[in-house]
Amino acid sequence: MHINWIVFGVLAAIFLLLFIFCCLRARRCRRAKCRVRRRSDKEKLHDINHALEPFGFAYDLRRDIVYSLKDAWQRQFGYGKVYDEMAPVMNMVIHSEPIYFEYGDRRWMIELWKGQYGITTGAEVGIYVEKERDDGKDPEDVFYECVSDEEELPISMILYKNGKRLFQRDRRHWWLTGFALGEFSWPGELMLEVSINFPDFEMMESFLEGCYYAGYQPEDFRLWYKRVCFRLYQPKTRQPSKYGRIFGRWIQWQNRHNCRIYQRVTKDFIRTIDKLDYLMQAYPRIFGIIMKTGRIAWGKKKHGSDRKKTK
C-alpha cells in the first residue's frame with residue numbers, strides 16, 4: 001500500500017510538471033504573438049537579417065524570399081563538384097547544371113541549381129573561374145574560385161513550380177539565389193528560367209559552346225544581342241551519384257516533415273516575416289532548423305571549420 005502511494009505521488013508530480021510546462025509554453029506563445037502583432041516590419045526585418053547575416057543570407061520582404069548577400073563570406077571560397085556530391089548531407093535534394101567553357105585564356109564555370117534546400121524551395125546561378133590554368137585536369141575536376149566584382153554578370157532568373165511562378169530576381173551578381181521558405185518541392189516539379197548578359201560576343205559564344213557540349217540544342221536558347229536566355233527543367237549533365245535514390249527520398253521525407261512543422265506552428269500568421277519573427281521568439285529551436293538545413297547550413301559548417309583552422 002505504501003509503494004502504491006509513492007507511485008501515485010510520482011505520477012502526480014510528473015503530470016503537475018507537464019501541466020505547468022504546457023501553461024508556461026502557452027503563455028510564452030501568447031506573448032510572442034502579441035509582440036509580433038505590435039512590432040513594425042522594420043523591427044522584424046532588422047532582427048531576422050541580423051540572425052541570417054553571419055550565414056551570408058538575408059530576407060527580402062517584397063519578394064518574400066531568403067537570398068545570398070553579394071558580400072557574403074562564401075565568396076572567399078570557390079566551388080567544385082564535391083559540393084554537389086555532398087548536397088544531400090545538408091538536406092539538399094537538387095538538380096545541378098554546370099556549364100564549362102573557356103574565355104580569356106581561362107576556364108569558367110556557370111552553374112545552375114534548383115530543388116529543395118531543407119525547408120525551402122530555391123534556385124541558384126553561380127559564376128566561377130579557374131584560378132590557375134591546369135590543362136592536366138578535366139574541367140569538372142577543377143576547383144573554381146568566385147569571380148571578382150569586375151567579372152560579375154547581369155543575371156535574371158525566374159523559378160516556376162508546376163507552371164506557377166514562385167519568385168523572380170535579377171541583378172549583377174556572382175551568386176544569384178532565391179529560397180521560398182516553407183515550400184516543399186521535388187526538383188522535377190521546378191523549372192528555372194535564366195538569362196545572362198555577357199560583356200562581349202566572344203564570351204557569349206564560348207558559353208553557348210559549353211552548353212552545346214553539355215547537351216543543349218540551338219533551339220533551347222533565345223538570344224538578344226549579347227543576352228542568352230534558356231531554361232533548366234531536366235538537367236542535361238550527369239547528376240552526382242554519391243548517394244542513392246533511397247537516401248534522397250529519406251532526406252525529402254525529412255524536408256517535407258520539417259515544412260509541415262513550420263506551417264503548423266506558424267499557422268496563425270500569413271506572412272513569412274511574421275512567421276519568422278514568431279519562431280525567433282516562441283520556438284527558437286524550430287528557427288534553428290532553418291539554420292541547420294540547406295545551403296545556409298553548408299555555409300555555417302564550412303565557415304565554422306575555416307574559423308577554427310585560422311585561430
# chains A, B, ... in the order shown; residues from 1 in each chain; ligands from 1
call {"tool": "closest_atom_pairs", "arguments": {"of": "range 139-170 of chain A", "to": "range 46-64 of chain A", "cutoff": "10 Å", "atoms": "only C-alpha atoms", "output": "JSON lines"}}
result
{"residue": "A:Leu166", "atom": "CA", "partner": "A:Arg63", "partner_atom": "CA", "distance": 9.3}
{"residue": "A:Phe167", "atom": "CA", "partner": "A:Arg63", "partner_atom": "CA", "distance": 6.7}
{"residue": "A:Gln168", "atom": "CA", "partner": "A:Arg63", "partner_atom": "CA", "distance": 7.7}
{"residue": "A:Arg169", "atom": "CA", "partner": "A:Arg63", "partner_atom": "CA", "distance": 8.5}
call {"tool": "residues_around", "arguments": {"residues": "Lys44 in chain A", "least_positions_apart": "5", "cutoff": "12 Å", "atoms": "only C-alpha atoms", "output": "CSV table (one decimal) with C-alpha atoms, in the first residue's frame"}}
result
chain,number,residue,atom,x,y,z
A,35,ARG,CA,4.7,41.1,-29.8
A,36,VAL,CA,4.7,40.0,-33.4
A,37,ARG,CA,1.4,42.0,-34.0
A,38,ARG,CA,2.8,45.1,-32.2
A,39,ARG,CA,6.2,45.2,-33.8
A,49,ASN,CA,18.5,39.7,-41.1
A,50,HIS,CA,20.7,40.1,-38.1
A,51,ALA,CA,20.3,36.4,-37.4
A,59,TYR,CA,15.4,38.1,-46.2
A,60,ASP,CA,13.6,40.1,-48.9
A,61,LEU,CA,10.2,41.2,-47.7
A,271,ARG,CA,3.3,36.5,-44.0
A,272,THR,CA,6.7,34.9,-43.8
A,273,ILE,CA,8.2,37.9,-41.9
A,274,ASP,CA,5.6,37.3,-39.2
A,275,LYS,CA,6.2,33.6,-39.1
A,276,LEU,CA,10.0,34.1,-38.7
A,277,ASP,CA,9.6,36.7,-36.1
A,278,TYR,CA,7.2,34.4,-34.2
A,279,LEU,CA,9.6,31.5,-34.4
A,280,MET,CA,12.5,33.5,-33.2
A,281,GLN,CA,10.6,34.5,-30.0
call {"tool": "residues_around", "arguments": {"residues": "range 78-80 of chain A", "least_positions_apart": "2", "cutoff": "10 Å", "atoms": "only C-alpha atoms", "output": "list in words"}}
result
Gln74, Arg75, Gln76, Val82, Tyr83, Asp84, Glu85, Pro98, Met109, Glu111, Gly126, Ile127, Tyr128, Val129, Glu130, Lys131, Pro139, Glu140, Asp141, Val142, Phe143, Tyr144, Glu145, Cys146 and Val147 of chain A
call {"tool": "atom_distance", "arguments": {"atom1": "CA of Gln234 in chain A", "atom2": "CA of Phe207 in chain A"}}
result
19.1 Å
call {"tool": "closest_residue", "arguments": {"among": "A:Ile3, A:Ile110, A:Ile270, A:Leu181", "to": "Leu153 in chain A", "atoms": "only C-alpha atoms"}}
result
A:Ile110
call {"tool": "residues_around", "arguments": {"residues": "Gly104 in chain A", "least_positions_apart": "2", "cutoff": "10 Å", "atoms": "only C-alpha atoms", "output": "VMD selection string"}}
result
chain A and resid 102 106 to 108 202 to 203
call {"tool": "select_by_dssp", "arguments": {"residues": "range 248-286 of chain A", "states": "helix (DSSP H, G or I)", "output": "VMD selection string"}}
result
chain A and resid 248 to 265 272 to 282 284 to 286
call {"tool": "closest_residue", "arguments": {"among": "A:Tyr103, A:Asp268, A:Met291, A:Ile261", "to": "Met204 in chain A", "atoms": "only C-alpha atoms"}}
result
A:Tyr103
call {"tool": "closest_residue", "arguments": {"among": "A:Tyr160, A:Tyr100, A:Trp174, A:Phe179", "to": "Asp71 in chain A", "atoms": "only C-alpha atoms"}}
result
A:Trp174
call {"tool": "atom_distance", "arguments": {"atom1": "CA of Lys236 in chain A", "atom2": "CA of Ile158 in chain A"}}
result
19.1 Å
call {"tool": "atom_distance", "arguments": {"atom1": "CA of Lys42 in chain A", "atom2": "CA of Arg171 in chain A"}}
result
23.4 Å
call {"tool": "closest_residue", "arguments": {"among": "A:Ala123, A:Ile246, A:Val265, A:Ile155", "to": "Ile65 in chain A", "atoms": "only C-alpha atoms"}}
result
A:Ala123
call {"tool": "closest_residue", "arguments": {"among": "A:Arg227, A:Ser68, A:Leu232, A:Tyr117", "to": "Val89 in chain A", "atoms": "only C-alpha atoms"}}
result
A:Tyr117
call {"tool": "residues_around", "arguments": {"residues": "Ile290 in chain A", "least_positions_apart": "3", "cutoff": "9 Å", "atoms": "only C-alpha atoms", "output": "VMD selection string"}}
result
chain A and resid 118 to 120 181 286 to 287 293 to 294 296 to 297
call {"tool": "select_by_dssp", "arguments": {"residues": "range 84-158 of chain A", "states": "strand (DSSP E)", "output": "ChimeraX atom specification"}}
result
/A:92-103,106-117,120-129,145-146,153-158
